[in-house]
file start_34.cif (mmCIF, C-alpha atoms and all ligand atoms)
data_start
loop_
_atom_site.label_atom_id
_atom_site.label_comp_id
_atom_site.auth_asym_id
_atom_site.auth_seq_id
_atom_site.Cartn_x
_atom_site.Cartn_y
_atom_site.Cartn_z
CA MET A 71 -130.65 132.77 47.30
CA ALA A 72 -128.55 132.45 50.42
CA LEU A 73 -126.46 129.31 50.77
CA VAL A 74 -128.10 126.40 52.56
CA THR A 75 -126.55 123.40 54.30
CA LEU A 76 -126.55 119.89 52.94
CA ASN A 77 -128.92 118.91 55.74
CA GLN A 78 -131.37 121.61 54.66
CA LEU A 79 -131.24 120.27 51.10
CA PHE A 80 -131.86 116.72 52.29
CA ALA A 81 -134.74 117.89 54.50
CA ALA A 82 -136.46 119.78 51.67
CA ASP A 83 -139.16 118.11 49.69
CA TYR A 84 -137.10 116.88 46.73
CA ALA A 85 -137.63 113.43 45.30
CA GLY A 86 -134.51 111.64 44.13
CA ALA A 87 -130.84 112.38 44.58
CA ILE A 88 -129.35 115.86 44.69
CA CYS A 89 -126.41 116.22 42.34
CA GLY A 90 -123.07 117.45 43.63
CA PHE A 91 -120.76 118.82 40.96
CA ASP A 92 -117.15 119.85 41.50
CA PHE A 93 -116.20 123.29 40.23
CA VAL A 94 -112.74 124.75 39.70
CA ASN A 95 -113.37 128.22 38.26
CA LEU A 96 -116.00 130.73 37.21
CA GLU A 97 -117.14 128.80 34.14
CA THR A 98 -117.68 125.51 35.93
CA ALA A 99 -119.62 127.25 38.73
CA LYS A 100 -121.80 129.16 36.27
CA ALA A 101 -122.50 126.04 34.21
CA ILE A 102 -123.63 124.13 37.31
CA ILE A 103 -125.93 126.90 38.54
CA ALA A 104 -127.35 127.59 35.08
CA GLY A 105 -128.16 123.91 34.53
CA ALA A 106 -129.79 123.57 37.95
CA GLU A 107 -131.77 126.78 37.42
CA GLU A 108 -133.12 125.67 34.08
CA LEU A 109 -134.56 122.61 35.80
CA GLY A 110 -135.51 124.36 39.06
CA ALA A 111 -133.47 121.78 40.99
CA PRO A 112 -131.35 122.21 44.14
CA VAL A 113 -127.66 121.60 43.61
CA ILE A 114 -124.41 121.13 45.52
CA LEU A 115 -121.39 123.16 44.44
CA MET A 116 -118.33 121.17 45.47
CA VAL A 117 -114.64 122.04 45.69
CA THR A 118 -111.86 119.50 46.19
CA GLU A 119 -108.56 120.16 47.93
CA GLY A 120 -107.06 120.25 44.44
CA GLY A 121 -109.63 122.88 43.46
CA VAL A 122 -108.64 125.00 46.44
CA LYS A 123 -104.98 124.61 45.55
CA TYR A 124 -105.67 125.61 41.95
CA ALA A 125 -107.91 128.63 42.51
CA GLY A 126 -107.10 129.67 46.08
CA LEU A 127 -109.61 129.37 48.92
CA GLU A 128 -110.66 133.02 48.81
CA TYR A 129 -111.34 133.09 45.08
CA ILE A 130 -113.14 129.77 44.96
CA THR A 131 -115.27 130.57 48.02
CA ALA A 132 -116.22 133.96 46.59
CA ILE A 133 -117.23 132.38 43.27
CA GLY A 134 -119.28 129.72 45.05
CA LYS A 135 -121.04 132.23 47.29
CA ILE A 136 -121.88 134.64 44.47
CA ALA A 137 -123.09 131.83 42.23
CA ALA A 138 -125.39 130.66 45.01
CA GLU A 139 -126.62 134.17 45.90
CA LYS A 140 -127.42 135.03 42.31
CA GLY A 141 -128.95 131.62 41.63
CA ARG A 142 -132.67 131.01 41.90
CA VAL A 143 -132.35 127.49 43.34
CA PRO A 144 -131.15 126.28 46.76
CA VAL A 145 -127.37 125.69 46.75
CA ALA A 146 -124.98 124.15 49.29
CA LEU A 147 -121.27 124.96 49.14
CA HIS A 148 -119.40 121.76 49.95
CA LEU A 149 -115.74 120.91 50.50
CA ASP A 150 -115.23 117.59 48.71
CA HIS A 151 -112.80 114.83 49.84
CA CYS A 152 -110.90 116.87 52.39
CA THR A 153 -108.05 115.03 54.09
CA ASN A 154 -106.66 118.11 55.80
CA PHE A 155 -108.23 119.17 59.11
CA GLN A 156 -106.78 122.70 58.94
CA LEU A 157 -108.24 123.31 55.48
CA LEU A 158 -111.57 122.01 56.65
CA ILE A 159 -111.63 124.55 59.50
CA GLN A 160 -110.60 127.33 57.11
CA ALA A 161 -113.40 126.36 54.73
CA ILE A 162 -115.96 126.43 57.55
CA LYS A 163 -114.70 129.87 58.60
CA SER A 164 -114.88 131.07 55.00
CA GLY A 165 -118.55 130.17 54.71
CA PHE A 166 -118.77 126.61 53.32
CA THR A 167 -122.06 125.11 54.47
CA SER A 168 -120.96 121.51 54.19
CA VAL A 169 -117.69 119.58 54.38
CA MET A 170 -116.53 116.08 53.58
CA ILE A 171 -113.83 114.61 55.77
CA ASP A 172 -112.19 111.82 53.81
CA ALA A 173 -110.27 109.70 56.28
CA SER A 174 -111.06 106.51 54.37
CA HIS A 175 -107.34 105.82 53.93
CA LEU A 176 -106.99 105.45 57.71
CA PRO A 177 -107.81 102.35 59.76
CA PHE A 178 -111.47 102.17 60.86
CA ALA A 179 -110.87 103.40 64.44
CA GLU A 180 -108.84 106.39 63.24
CA ASN A 181 -111.33 107.30 60.52
CA LEU A 182 -114.06 107.19 63.18
CA LYS A 183 -112.08 109.32 65.64
CA LEU A 184 -111.19 112.02 63.11
CA THR A 185 -114.69 112.09 61.61
CA LYS A 186 -116.19 112.46 65.11
CA GLU A 187 -113.93 115.44 65.78
CA VAL A 188 -114.88 117.06 62.46
CA VAL A 189 -118.57 116.55 63.24
CA ARG A 190 -118.11 118.21 66.64
CA VAL A 191 -116.47 121.29 65.15
CA ALA A 192 -118.65 121.54 62.04
CA HIS A 193 -121.95 121.06 63.86
CA ALA A 194 -120.98 123.77 66.35
CA ALA A 195 -120.75 126.08 63.31
CA GLY A 196 -124.01 124.80 61.80
CA VAL A 197 -122.21 123.02 58.95
CA SER A 198 -123.14 119.56 57.62
CA VAL A 199 -120.62 116.72 57.40
CA GLU A 200 -120.12 113.89 54.92
CA ALA A 201 -117.63 111.08 55.61
CA GLU A 202 -116.44 108.06 53.66
CA LEU A 203 -116.31 104.46 54.80
CA GLY A 204 -114.83 101.75 52.63
CA ARG A 205 -112.54 103.11 49.94
CA ILE A 206 -113.71 104.40 46.55
CA GLY A 207 -111.25 103.58 43.77
CA GLY A 208 -109.94 105.73 40.93
CA LYS A 209 -108.31 109.12 40.71
CA GLU A 210 -109.65 112.45 41.85
CA ASP A 211 -107.17 115.30 41.96
CA ASN A 212 -104.60 114.49 44.66
CA ILE A 213 -106.33 111.28 45.75
CA GLN A 214 -105.39 108.15 43.80
CA VAL A 215 -106.75 104.79 44.95
CA ASN A 216 -105.76 101.76 42.89
CA THR A 217 -107.90 98.64 42.53
CA ALA A 218 -105.99 96.73 45.20
CA GLU A 219 -106.50 99.53 47.74
CA ALA A 220 -110.20 100.04 47.06
CA PHE A 221 -112.63 98.09 49.26
CA MET A 222 -116.37 98.07 49.79
CA THR A 223 -118.24 99.47 52.78
CA ASP A 224 -119.02 96.94 55.50
CA PRO A 225 -122.64 97.33 56.77
CA ASP A 226 -121.84 96.47 60.41
CA GLU A 227 -118.94 98.90 60.48
CA ALA A 228 -121.15 101.51 58.80
CA VAL A 229 -123.76 101.28 61.57
CA GLU A 230 -121.09 101.58 64.27
CA PHE A 231 -119.44 104.48 62.41
CA VAL A 232 -122.62 106.48 61.86
CA THR A 233 -123.86 105.93 65.41
CA ALA A 234 -120.55 106.97 66.94
CA THR A 235 -119.73 109.94 64.68
CA LYS A 236 -123.24 111.40 64.14
CA VAL A 237 -122.17 112.25 60.60
CA ASP A 238 -124.94 113.71 58.40
CA CYS A 239 -124.43 111.57 55.30
CA LEU A 240 -122.12 108.77 54.25
CA ALA A 241 -120.19 108.14 51.04
CA VAL A 242 -120.27 104.40 50.46
CA ALA A 243 -118.02 102.23 48.35
CA VAL A 244 -120.12 99.80 46.32
CA GLY A 245 -118.08 99.56 43.14
CA THR A 246 -118.08 103.07 41.64
CA SER A 247 -114.77 104.79 41.07
CA HIS A 248 -113.56 108.30 40.32
CA GLY A 249 -112.51 109.26 36.82
CA ILE A 250 -113.06 107.41 33.57
CA TYR A 251 -114.17 103.77 33.91
CA LYS A 252 -112.12 101.11 32.19
CA GLY A 253 -114.86 98.89 30.79
CA GLU A 254 -118.39 98.53 32.14
CA PRO A 255 -118.68 99.55 35.81
CA SER A 256 -119.91 96.80 38.07
CA LEU A 257 -121.82 97.84 41.18
CA ASN A 258 -122.77 95.73 44.17
CA LEU A 259 -126.42 96.78 44.31
CA ALA A 260 -127.25 94.20 46.97
CA LEU A 261 -124.68 95.85 49.25
CA LEU A 262 -126.10 99.30 48.47
CA GLN A 263 -129.57 98.02 49.32
CA LYS A 264 -128.28 96.53 52.58
CA LEU A 265 -126.53 99.79 53.55
CA GLN A 266 -129.68 101.71 52.75
CA SER A 267 -131.72 99.43 54.98
CA VAL A 268 -129.40 99.52 58.01
CA LEU A 269 -128.50 103.23 57.96
CA ASP A 270 -130.91 106.06 58.64
CA ILE A 271 -128.87 108.88 57.09
CA PRO A 272 -128.61 109.82 53.39
CA LEU A 273 -126.16 107.77 51.32
CA VAL A 274 -123.78 109.43 48.88
CA LEU A 275 -122.46 107.91 45.67
CA HIS A 276 -119.17 109.15 44.28
CA GLY A 277 -117.80 108.48 40.82
CA GLY A 278 -121.00 109.40 38.99
CA SER A 279 -119.33 110.02 35.62
CA GLY A 280 -119.63 107.24 33.09
CA LEU A 281 -122.24 105.19 34.94
CA PRO A 282 -124.84 103.88 32.49
CA ASP A 283 -128.18 105.69 32.80
CA ALA A 284 -130.04 102.57 33.94
CA MET A 285 -127.53 102.10 36.76
CA VAL A 286 -127.92 105.70 37.88
CA LYS A 287 -131.69 105.31 37.98
CA LYS A 288 -131.32 102.08 39.93
CA VAL A 289 -129.09 103.57 42.65
CA VAL A 290 -131.50 106.49 43.05
CA GLU A 291 -134.37 104.04 43.28
CA ILE A 292 -132.50 102.20 46.05
CA GLY A 293 -132.20 105.48 47.92
CA VAL A 294 -128.95 107.33 47.13
CA ARG A 295 -129.58 111.01 48.04
CA LYS A 296 -126.37 112.71 46.85
CA PHE A 297 -124.81 111.88 43.49
CA ASN A 298 -121.33 113.24 42.70
CA VAL A 299 -120.06 114.15 39.24
CA TRP A 300 -116.90 115.80 37.99
CA THR A 301 -115.07 113.98 35.18
CA GLU A 302 -117.91 114.28 32.65
CA LEU A 303 -117.93 118.05 33.16
CA ALA A 304 -114.19 118.25 32.60
CA VAL A 305 -114.39 116.06 29.50
CA ALA A 306 -117.25 118.11 28.01
CA HIS A 307 -115.34 121.32 28.68
CA THR A 308 -112.13 120.22 27.05
CA ALA A 309 -113.66 118.28 24.17
CA THR A 310 -115.57 121.43 23.18
CA ILE A 311 -112.45 123.57 23.18
CA ARG A 312 -110.44 120.92 21.34
CA ALA A 313 -113.07 120.67 18.59
CA LEU A 314 -113.41 124.45 18.30
CA LEU A 315 -109.69 124.96 17.92
CA LYS A 316 -109.53 122.22 15.33
CA GLU A 317 -112.27 123.88 13.26
CA GLN A 318 -111.15 127.45 13.88
CA PRO A 319 -107.45 127.51 14.74
CA GLU A 320 -107.46 131.30 14.40
CA LEU A 321 -109.53 131.75 17.61
CA TYR A 322 -107.63 133.41 20.41
CA ASP A 323 -110.12 135.18 22.68
CA PRO A 324 -110.64 132.90 25.72
CA ARG A 325 -114.30 133.89 25.86
CA HIS A 326 -114.91 132.38 22.43
CA LEU A 327 -113.68 129.05 23.79
CA LEU A 328 -114.98 129.19 27.34
CA LYS A 329 -118.56 130.18 26.57
CA PRO A 330 -119.22 127.12 24.37
CA ALA A 331 -117.39 124.98 26.95
CA LEU A 332 -119.73 126.37 29.63
CA GLU A 333 -122.77 125.50 27.49
CA ALA A 334 -121.48 121.94 27.01
CA MET A 335 -120.96 121.53 30.77
CA LYS A 336 -124.43 122.92 31.44
CA GLU A 337 -125.90 120.17 29.26
CA VAL A 338 -124.05 117.52 31.30
CA VAL A 339 -125.37 119.11 34.50
CA LYS A 340 -128.92 119.02 33.19
CA SER A 341 -128.68 115.44 32.00
CA LYS A 342 -127.40 114.24 35.41
CA ILE A 343 -130.06 116.19 37.29
CA LEU A 344 -132.81 114.76 35.10
CA LEU A 345 -131.42 111.25 35.52
CA THR A 346 -131.30 111.44 39.30
CA GLN A 347 -134.75 112.94 39.79
CA ALA A 348 -137.09 110.28 41.11
CA GLY A 349 -139.59 109.03 38.59
CA HIS A 350 -137.40 109.57 35.53
P1 LIG A 401 -116.28 111.49 38.84
O1 LIG A 401 -115.15 112.41 38.53
O2 LIG A 401 -115.95 110.08 38.52
O3 LIG A 401 -117.57 111.96 38.26
O4 LIG A 401 -116.47 111.52 40.44
C1 LIG A 401 -116.79 112.73 41.05
C2 LIG A 401 -116.85 112.60 42.51
O5 LIG A 401 -117.14 111.56 43.06
C3 LIG A 401 -116.57 113.80 43.30
O6 LIG A 401 -116.40 113.54 44.65
#
call {"tool": "encode", "arguments": {"input": "start_34.cif", "output": "structure tokens"}}
result
Amino acid sequence: MALVTLNQLFAADYAGAICGFDFVNLETAKAIIAGAEELGAPVILMVTEGGVKYAGLEYITAIGKIAAEKGRVPVALHLDHCTNFQLLIQAIKSGFTSVMIDASHLPFAENLKLTKEVVRVAHAAGVSVEAELGRIGGKEDNIQVNTAEAFMTDPDEAVEFVTATKVDCLAVAVGTSHGIYKGEPSLNLALLQKLQSVLDIPLVLHGGSGLPDAMVKKVVEIGVRKFNVWTELAVAHTATIRALLKEQPELYDPRHLLKPALEAMKEVVKSKILLTQAGH
């Protein structure tokens, strides 16, 4: 299928949240599409700035586009957590159908100004925009936010921000963090509920790895429409290869390691999609 925008995915008749998975290479992209296809669910293929740096924009865009074209489910190609305006423009020109401007490290007025500019440029190209307000903790590639720097999204600011920027969806900080949780995650569900009630655009939850199933179901029930996952894919990938090499140290063909890793990632993809479908 041809790539669709994030807005088209949100507008389609799909109950629950749509999962966004980061991919860094062919295997991660194939695992995401295969998992989504097996369940007939739409999916968001996401690339971080770190992913672009690792694979190169041309390679990673080509992989994303081909995966989407060959896939039998609707797919959006999304630039995740971009802090670099130039890269964002390059991604739009290359064919990304959705971008996230992450200016959450800037003061409110500057985040608003930059996000508004990104929305102007992206919308002119028919591309959807996600922004972040509040600051999500943890580590994702080049972005490291420690506990003291992380802060939750303020509902009044969120209304002002969304009204002024006309952003298509908003990543909110309600207690999730990127990477592996230390201890049980604690979410402010009352805040999420409040944000859901005052905003009329889809809410995005980052830091989906490691959240207990019941919590995932709860946030979807409250109304989260985009649910981001990366770390669990990476862990499944590497744990599979580690175990294989332990059992069969004589293996040397990368395909004998990467194919089982792909299968393990596909299972993670399927489990997250099932969990975030409404009614599960
Ligand atoms: P995790 O790596 O914690 O799953 O977070 C992924 C994410 O939020 C991508 O933007």
call {"tool": "atom_distance", "arguments": {"input": "start_34.cif", "atom1": "CA of Ile213 (chain A)", "atom2": "CA of Val289 (chain A)"}}
result
24.2 Å
call {"tool": "closest_atom_pairs", "arguments": {"input": "start_34.cif", "of": "chain A", "to": "ligand LIG 401 (chain A)", "cutoff": "7 Å", "atoms": "all atoms listed in the file", "output": "tab-separated table"}}
result
residue	atom	partner	partner_atom	distance
A:Phe91	CA	A:LIG401	C3	6.9
A:Asp92	CA	A:LIG401	C3	6.3
A:Asp150	CA	A:LIG401	O6	5.9
A:His151	CA	A:LIG401	O6	6.4
A:Glu210	CA	A:LIG401	O1	6.4
A:Ser247	CA	A:LIG401	O2	6.0
A:His248	CA	A:LIG401	O2	3.5
A:Gly249	CA	A:LIG401	O2	3.9
A:Ile250	CA	A:LIG401	O2	6.3
A:Leu275	CA	A:LIG401	O5	7.0
A:His276	CA	A:LIG401	O5	3.4
A:Gly277	CA	A:LIG401	O4	3.3
A:Gly278	CA	A:LIG401	O3	4.3
A:Ser279	CA	A:LIG401	O3	3.7
A:Asn298	CA	A:LIG401	O5	4.5
A:Val299	CA	A:LIG401	O3	3.5
A:Trp300	CA	A:LIG401	O1	3.9
A:Thr301	CA	A:LIG401	O1	3.7
A:Glu302	CA	A:LIG401	O3	6.1
call {"tool": "closest_residue", "arguments": {"input": "start_34.cif", "among": "A:Thr167, A:Thr246, A:Thr185, A:Thr75", "to": "Val286 (chain A)", "atoms": "all atoms listed in the file"}}
result
A:Thr246
call {"tool": "closest_residue", "arguments": {"input": "start_34.cif", "among": "A:Val113, A:Ala146, A:Leu328, A:Leu262", "to": "Val244 (chain A)", "atoms": "only C-alpha atoms"}}
result
A:Leu262
call {"tool": "residues_around", "arguments": {"input": "start_34.cif", "residues": "Asp238 (chain A)", "least_positions_apart": "2", "cutoff": "12 Å", "atoms": "all atoms listed in the file", "output": "JSON, numbers by chain"}}
result
{"A": [75, 76, 77, 78, 79, 80, 81, 168, 169, 170, 171, 185, 186, 188, 189, 190, 192, 193, 196, 197, 198, 199, 200, 201, 202, 231, 232, 233, 234, 235, 236, 240, 241, 269, 270, 271, 272, 273, 274, 295, 296]}
